[in-house]
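Source file: run34.cif. Holds: mmCIF, C-alpha atoms and all ligand atoms.
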data_protein
#
loop_
_atom_site.label_atom_id
_atom_site.label_comp_id
_atom_site.auth_asym_id
_atom_site.auth_seq_id
_atom_site.Cartn_x
_atom_site.Cartn_y
_atom_site.Cartn_z
CA MET A 13 94.15 107.64 125.93
CA THR A 14 90.99 106.88 123.97
CA ALA A 15 88.15 104.55 124.95
CA ALA A 16 89.69 101.68 122.99
CA GLY A 17 93.07 102.15 124.67
CA ARG A 18 91.49 102.35 128.13
CA GLU A 19 89.54 99.19 127.40
CA SER A 20 92.66 97.21 126.54
CA ALA A 21 94.50 98.68 129.53
CA GLN A 22 91.63 97.70 131.82
CA ALA A 23 91.61 94.17 130.40
CA GLY A 24 94.91 93.78 132.27
CA ALA A 25 97.12 92.58 129.46
CA PRO A 26 99.81 95.08 128.49
CA PRO A 27 99.38 96.29 124.90
CA TRP A 28 101.39 94.69 122.10
CA SER A 29 104.80 96.28 122.23
CA ALA A 30 107.67 96.80 119.82
CA HIS A 31 111.13 97.48 121.24
CA VAL A 32 113.45 98.76 118.55
CA LEU A 33 117.22 98.84 119.14
CA THR A 34 118.83 101.25 116.72
CA LEU A 35 121.65 103.74 116.20
CA TYR A 36 119.05 106.12 114.71
CA PRO A 37 116.17 106.36 117.21
CA GLU A 38 115.20 109.74 115.73
CA VAL A 39 113.77 108.10 112.60
CA PHE A 40 110.97 106.48 114.69
CA PRO A 41 107.98 106.50 114.65
CA GLY A 42 108.34 107.97 111.13
CA PRO A 43 105.59 106.49 108.96
CA LEU A 44 104.38 104.44 111.95
CA GLY A 45 103.15 107.75 113.40
CA ALA A 46 100.67 108.26 110.52
CA ALA A 47 97.27 106.87 109.57
CA LEU A 48 96.12 103.54 111.09
CA ALA A 49 99.37 102.72 112.89
CA GLY A 50 99.75 106.25 114.25
CA ARG A 51 96.19 106.62 115.47
CA SER A 52 96.30 103.26 117.23
CA LEU A 53 99.69 104.13 118.76
CA ASP A 54 98.23 107.40 120.10
CA SER A 55 95.23 105.58 121.49
CA GLY A 56 97.36 103.05 123.38
CA LEU A 57 96.49 99.93 121.36
CA TRP A 58 100.21 99.22 120.95
CA ARG A 59 103.51 100.61 122.26
CA LEU A 60 106.73 101.61 120.57
CA GLU A 61 109.96 101.94 122.56
CA THR A 62 113.25 102.82 120.93
CA VAL A 63 116.59 102.04 122.54
CA ASP A 64 119.60 104.04 121.37
CA ILE A 65 122.37 101.44 121.03
CA ARG A 66 125.04 104.14 121.23
CA ARG A 67 124.10 104.88 124.84
CA PHE A 68 125.66 101.51 125.70
CA ALA A 69 129.07 102.26 124.19
CA ARG A 70 131.92 101.70 126.63
CA ASP A 71 134.12 104.63 125.71
CA LYS A 72 133.65 108.37 125.67
CA HIS A 73 133.69 108.42 121.85
CA GLY A 74 130.54 106.30 121.69
CA THR A 75 132.20 103.52 119.70
CA VAL A 76 129.74 100.79 118.68
CA ASP A 77 131.65 99.04 115.86
CA ASP A 78 135.08 97.64 115.08
CA HIS A 79 137.03 95.96 112.28
CA PRO A 80 136.15 92.34 111.39
CA PHE A 81 138.50 89.62 112.60
CA GLY A 82 139.84 87.84 109.55
CA GLY A 83 139.95 91.05 107.60
CA GLY A 84 137.64 92.38 104.94
CA ALA A 85 135.77 95.55 104.15
CA GLY A 86 133.49 97.43 106.51
CA MET A 87 132.83 97.39 110.21
CA VAL A 88 130.97 95.04 112.56
CA MET A 89 128.74 95.99 115.48
CA ARG A 90 130.39 95.01 118.79
CA PRO A 91 128.71 92.21 120.78
CA ASP A 92 129.31 93.76 124.22
CA VAL A 93 127.63 97.04 123.29
CA LEU A 94 124.65 95.35 121.66
CA ALA A 95 124.26 92.83 124.51
CA ALA A 96 124.07 95.69 127.02
CA ALA A 97 121.39 97.37 124.91
CA ILE A 98 119.38 94.13 124.71
CA ASP A 99 119.71 93.55 128.47
CA SER A 100 118.35 97.03 129.17
CA VAL A 101 114.92 95.95 127.92
CA GLU A 102 112.69 94.33 130.52
CA PRO A 103 111.66 90.91 129.25
CA ALA A 104 108.00 91.13 128.20
CA GLU A 105 105.49 88.88 129.87
CA GLY A 106 105.70 85.55 128.11
CA GLY A 107 108.93 86.73 126.45
CA ALA A 108 108.64 88.66 123.20
CA PRO A 109 110.72 87.08 120.42
CA ARG A 110 113.95 88.85 119.51
CA PHE A 111 115.04 89.43 115.94
CA LEU A 112 117.93 91.03 114.15
CA LEU A 113 116.75 92.48 110.85
CA SER A 114 119.11 90.85 108.38
CA PRO A 115 119.24 89.73 104.76
CA ARG A 116 120.49 86.37 106.12
CA GLY A 117 117.18 85.67 107.85
CA ALA A 118 114.25 83.81 106.37
CA PRO A 119 112.02 86.34 104.56
CA LEU A 120 109.01 87.44 106.63
CA THR A 121 105.66 85.91 105.62
CA GLN A 122 102.08 86.95 106.38
CA GLU A 123 101.73 83.74 108.39
CA GLN A 124 104.63 84.77 110.63
CA VAL A 125 103.19 88.29 110.89
CA LYS A 126 99.97 86.77 112.27
CA GLU A 127 101.90 84.75 114.84
CA LEU A 128 103.85 87.82 115.94
CA ALA A 129 100.69 89.94 116.16
CA ASP A 130 99.10 87.25 118.36
CA GLY A 131 102.03 87.35 120.81
CA PRO A 132 103.11 89.97 123.38
CA GLY A 133 105.20 91.97 120.89
CA VAL A 134 108.67 91.92 119.35
CA MET A 135 112.19 93.13 119.96
CA LEU A 136 113.76 94.28 116.70
CA ILE A 137 117.47 95.00 116.39
CA CYS A 138 118.46 97.22 113.48
CA GLY A 139 121.85 96.35 112.05
CA ARG A 140 124.15 98.85 110.38
CA PHE A 141 127.61 98.56 108.76
CA GLU A 142 128.45 95.03 107.55
CA GLY A 143 126.39 93.45 110.31
CA VAL A 144 126.60 92.24 113.88
CA ASP A 145 129.03 89.99 115.80
CA GLU A 146 127.56 86.48 115.61
CA ARG A 147 128.14 85.73 119.32
CA VAL A 148 125.57 88.22 120.59
CA LEU A 149 122.92 86.53 118.46
CA GLU A 150 123.79 83.16 119.99
CA GLY A 151 124.15 84.47 123.54
CA ARG A 152 120.90 86.46 123.60
CA GLY A 153 118.67 84.10 121.61
CA VAL A 154 118.26 86.47 118.68
CA ALA A 155 116.89 85.05 115.41
CA GLU A 156 117.41 86.75 112.04
CA LEU A 157 114.54 88.11 109.98
CA SER A 158 114.67 89.45 106.43
CA VAL A 159 112.17 91.61 104.58
CA GLY A 160 113.25 90.33 101.17
CA ASP A 161 116.12 89.26 98.98
CA TYR A 162 117.84 92.61 98.57
CA VAL A 163 120.24 94.60 100.76
CA LEU A 164 119.20 97.73 102.66
CA SER A 165 121.73 100.05 104.27
CA GLY A 166 120.26 99.52 107.73
CA GLY A 167 117.57 97.62 109.61
CA GLU A 168 115.34 100.61 110.46
CA ILE A 169 113.14 100.54 107.35
CA ALA A 170 112.87 96.76 107.65
CA ALA A 171 111.83 97.08 111.32
CA MET A 172 109.14 99.57 110.34
CA ALA A 173 107.83 97.12 107.75
CA VAL A 174 107.61 94.33 110.34
CA ILE A 175 105.87 96.54 112.90
CA ASP A 176 103.42 97.99 110.38
CA ALA A 177 102.43 94.53 109.14
CA CYS A 178 101.80 93.33 112.72
CA VAL A 179 100.02 96.41 114.02
CA ARG A 180 97.31 96.39 111.35
CA LEU A 181 96.29 92.92 112.58
CA LEU A 182 95.90 93.95 116.24
CA PRO A 183 92.30 93.95 117.47
CA GLY A 184 90.69 97.37 117.07
CA VAL A 185 93.29 98.81 114.67
CA VAL A 186 91.47 98.14 111.39
CA GLY A 187 87.88 99.37 111.57
CA ARG A 188 86.41 96.52 109.53
CA PRO A 189 88.22 93.26 110.34
CA SER A 190 86.47 91.62 107.37
CA SER A 191 88.79 93.65 105.12
CA LEU A 192 91.68 91.55 106.49
CA VAL A 193 90.11 88.26 105.48
CA GLU A 194 90.25 88.56 101.70
CA GLU A 195 93.74 89.98 101.43
CA SER A 196 96.76 88.93 99.44
CA PHE A 197 98.47 85.79 100.82
CA GLU A 198 95.30 84.43 102.43
CA ASP A 199 95.13 80.93 101.04
CA ASP A 200 98.46 81.63 99.24
CA LEU A 201 96.67 83.75 96.62
CA LEU A 202 97.27 87.35 95.61
CA GLU A 203 94.30 89.70 95.68
CA TYR A 204 91.98 90.25 92.70
CA PRO A 205 92.02 93.69 90.97
CA GLN A 206 89.93 96.49 92.50
CA TYR A 207 87.81 99.19 90.82
CA THR A 208 85.92 102.26 92.02
CA ARG A 209 84.29 105.35 90.47
CA PRO A 210 84.27 106.65 87.81
CA ARG A 211 82.78 103.81 85.75
CA LEU A 212 84.66 105.00 82.68
CA PHE A 213 88.25 106.20 83.16
CA GLU A 214 90.23 107.36 80.10
CA GLY A 215 88.18 105.03 77.91
CA ARG A 216 88.57 102.03 80.25
CA ALA A 217 85.38 100.53 81.64
CA VAL A 218 84.89 98.66 84.92
CA PRO A 219 84.34 94.92 84.21
CA ASP A 220 80.58 94.37 83.68
CA VAL A 221 80.31 91.58 86.21
CA LEU A 222 81.17 93.97 89.06
CA LEU A 223 78.16 96.14 88.15
CA SER A 224 75.81 93.14 87.79
CA GLY A 225 74.75 92.87 91.43
CA ASP A 226 75.11 89.07 91.06
CA HIS A 227 77.23 88.23 94.11
CA ALA A 228 77.91 84.63 93.17
CA ALA A 229 79.15 85.75 89.73
CA ILE A 230 81.28 88.48 91.35
CA ASP A 231 82.85 86.00 93.79
CA ALA A 232 83.61 83.57 90.95
CA TRP A 233 85.17 86.33 88.82
CA ARG A 234 87.32 87.57 91.70
CA ARG A 235 88.45 84.07 92.52
CA ALA A 236 89.43 83.42 88.88
CA GLN A 237 91.30 86.74 88.75
CA ALA A 238 93.15 85.99 91.99
CA GLU A 239 94.20 82.61 90.62
CA HIS A 240 95.31 84.09 87.29
CA VAL A 241 97.37 86.85 88.93
CA THR A 242 99.02 84.40 91.33
CA ARG A 243 99.78 81.82 88.60
CA THR A 244 101.32 84.36 86.23
CA ARG A 245 103.24 86.47 88.79
CA ARG A 246 104.23 84.12 91.58
CA ALA A 247 104.97 80.54 90.61
CA ASP A 248 106.17 79.90 94.19
CA LEU A 249 102.88 80.99 95.80
CA TRP A 250 100.83 79.21 93.15
CA ALA A 251 102.61 75.92 93.89
CA ARG A 252 101.87 76.34 97.61
CA HIS A 253 98.25 77.22 96.88
CA GLN A 254 97.80 74.07 94.81
CA ALA A 255 99.49 71.93 97.44
CA ARG A 256 96.81 73.04 99.94
CA ARG A 257 94.08 71.26 98.03
N1 LIG B 1 126.84 92.58 104.98
C1 LIG B 1 125.49 92.18 105.17
C2 LIG B 1 124.50 93.32 104.81
C3 LIG B 1 124.57 94.48 105.76
S1 LIG B 1 123.36 95.69 105.40
C4 LIG B 1 125.18 90.96 104.32
O1 LIG B 1 125.75 90.82 103.25
O2 LIG B 1 124.34 90.12 104.73
C5 LIG B 1 123.25 96.55 106.96
C6 LIG B 1 122.06 96.20 107.81
O3 LIG B 1 120.87 96.49 107.09
C7 LIG B 1 121.93 94.75 108.23
O4 LIG B 1 122.68 94.47 109.39
C8 LIG B 1 120.44 94.61 108.48
O5 LIG B 1 120.08 95.03 109.80
C9 LIG B 1 119.83 95.60 107.50
N2 LIG B 1 119.28 94.93 106.30
C10 LIG B 1 119.81 94.97 105.05
N3 LIG B 1 119.07 94.26 104.18
C11 LIG B 1 118.04 93.73 104.88
C12 LIG B 1 116.93 92.90 104.55
N4 LIG B 1 116.76 92.44 103.31
N5 LIG B 1 116.06 92.57 105.52
C13 LIG B 1 116.24 93.01 106.79
N6 LIG B 1 117.27 93.80 107.17
C14 LIG B 1 118.16 94.17 106.24
#
Rewrite the structure of this file - the entire thing - as structure tokens.
Amino acid sequence: MTAAGRESAQAGAPPWSAHVLTLYPEVFPGPLGAALAGRSLDSGLWRLETVDIRRFARDKHGTVDDHPFGGGAGMVMRPDVLAAAIDSVEPAEGGAPRFLLSPRGAPLTQEQVKELADGPGVMLICGRFEGVDERVLEGRGVAELSVGDYVLSGGEIAAMAVIDACVRLLPGVVGRPSSLVEESFEDDLLEYPQYTRPRLFEGRAVPDVLLSGDHAAIDAWRRAQAEHVTRTRRADLWARHQARR
């Protein structure tokens, strides 16, 4: 454990924790083991626990799914198996919220990411097949959470997206917290365009204002760019941004 990890351990509060229930525990940590997320995982700033849903199957074949009542294509994850997997996780202090990754959930927003990062952690259930028996969601207080209006083949990649978005907001994970303040979705605006060296790239110059050293002019230019990008790309965000005024 590094100094930062020891510090948070000494502070008494358990680190932010993600419990992931999945039929494919071997795919974790995957990309969460690299770069910012991986380093902070190694140093104990957050915890990742996977639970193999198949361990809770009730027969020797490890059956976790069955045909849908009412007919139709595909298979459905059994409620008894999933409930046992959920119940195997100790409730976190204060109770971490439980989510099934699902295209039927409300799409995740940066605002919700902030709330989750401020809490004790999350339990994320990765669906497979056609989905999950509705009764386990009701019985175990599981909400549904989507990562966008498209269909993935399983919840694992979606769970990684949720965890990655939360972890980068945890104290001590990003070296310069000021870099989190001006990001996309702050104020319902997308970020302005960025430039670095070289000054001339394939005949394209960096906008003059960014080389001017005039910070007020730079701020105004960035603001105007952020507004333009948001207005032209995301009518939905732009409407929310304007409603804030
Ligand atoms: N039949 C379902 C889709 C099943 S996709 C439907 O039409 O709603 C299989 C699993 O992938 C889901 O149970 C869910 O866990 C995951 N998944 C698919 N798309 C997702 C999305 N947009 N966001 C989050 N999870 C998703």
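The residue that comes closest to ligand LIG 1 (chain B), out of A:Asp176, A:Glu142, A:Glu127, A:Glu214 and on the basis of only C-alpha atoms and all ligand atoms, is A:Glu142.
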Within 12 Å of ligand LIG 1 (chain B) (only C-alpha atoms and all ligand atoms), residues as JSON, numbers by chain = {"A": [32, 33, 34, 35, 77, 80, 84, 85, 86, 87, 88, 89, 111, 112, 113, 114, 115, 116, 117, 118, 119, 120, 136, 137, 138, 139, 140, 141, 142, 143, 144, 145, 146, 155, 156, 157, 158, 159, 160, 161, 162, 163, 164, 165, 166, 167, 168, 169, 170, 171, 172, 173, 174]}
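If you look at atom CA of A:Ala96 and atom CA of A:Val148, they are 10.0 Å away from each other.
Distance-wise, atom CA of A:Pro183 and atom CA of A:Gly24 end up 15.0 Å apart.
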Within 9 Å of stretch 197-210 of chain A, counting all atoms listed in the file, which residues qualify if same-chain residues fewer than 3 places away don't, as number ranges by chain?
-> A: 121-123, 192-194, 213, 217-219, 222, 233-243, 246, 249-254, 256
Looking at A:Gly50, A:Gly225, A:Gly56, A:Pro103, which one is nearest to A:Arg152, with distances taken over all atoms listed in the file?
-> A:Pro103
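Using all atoms listed in the file, the nearest neighbour of A:Ala129 within the list A:Gly74, A:Gly215, A:Pro109, A:Gly82 is A:Pro109.
We find atom CA of A:Arg147 and atom CA of A:Val101 to be spaced 18.8 Å apart.
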As AutoDock Vina command-line options, please report the centre and edge lengths, rounded to one decimal in Å, of the axis-aligned box that holds all listed atoms of stretch 168-180 of chain A with 6 Å of padding on each of the six sides.
--center_x 106.3 --center_y 97.0 --center_z 110.7 --size_x 30.0 --size_y 19.3 --size_z 18.7
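Proximity of A:Val76, A:Val63, A:Val125, A:Ala229 to A:Ser100, computed with only C-alpha atoms, is greatest for A:Val63.
Considering the residues A:Leu57, A:Leu149, A:Leu223, A:Val134 and counting all atoms listed in the file, A:Ala30 has its shortest atom-to-atom contact with A:Val134.
Using only C-alpha atoms, the smallest distance between any of A:Pro43, A:Gly83, A:Pro37, A:Pro27 and A:Ser55 comes from A:Pro27.
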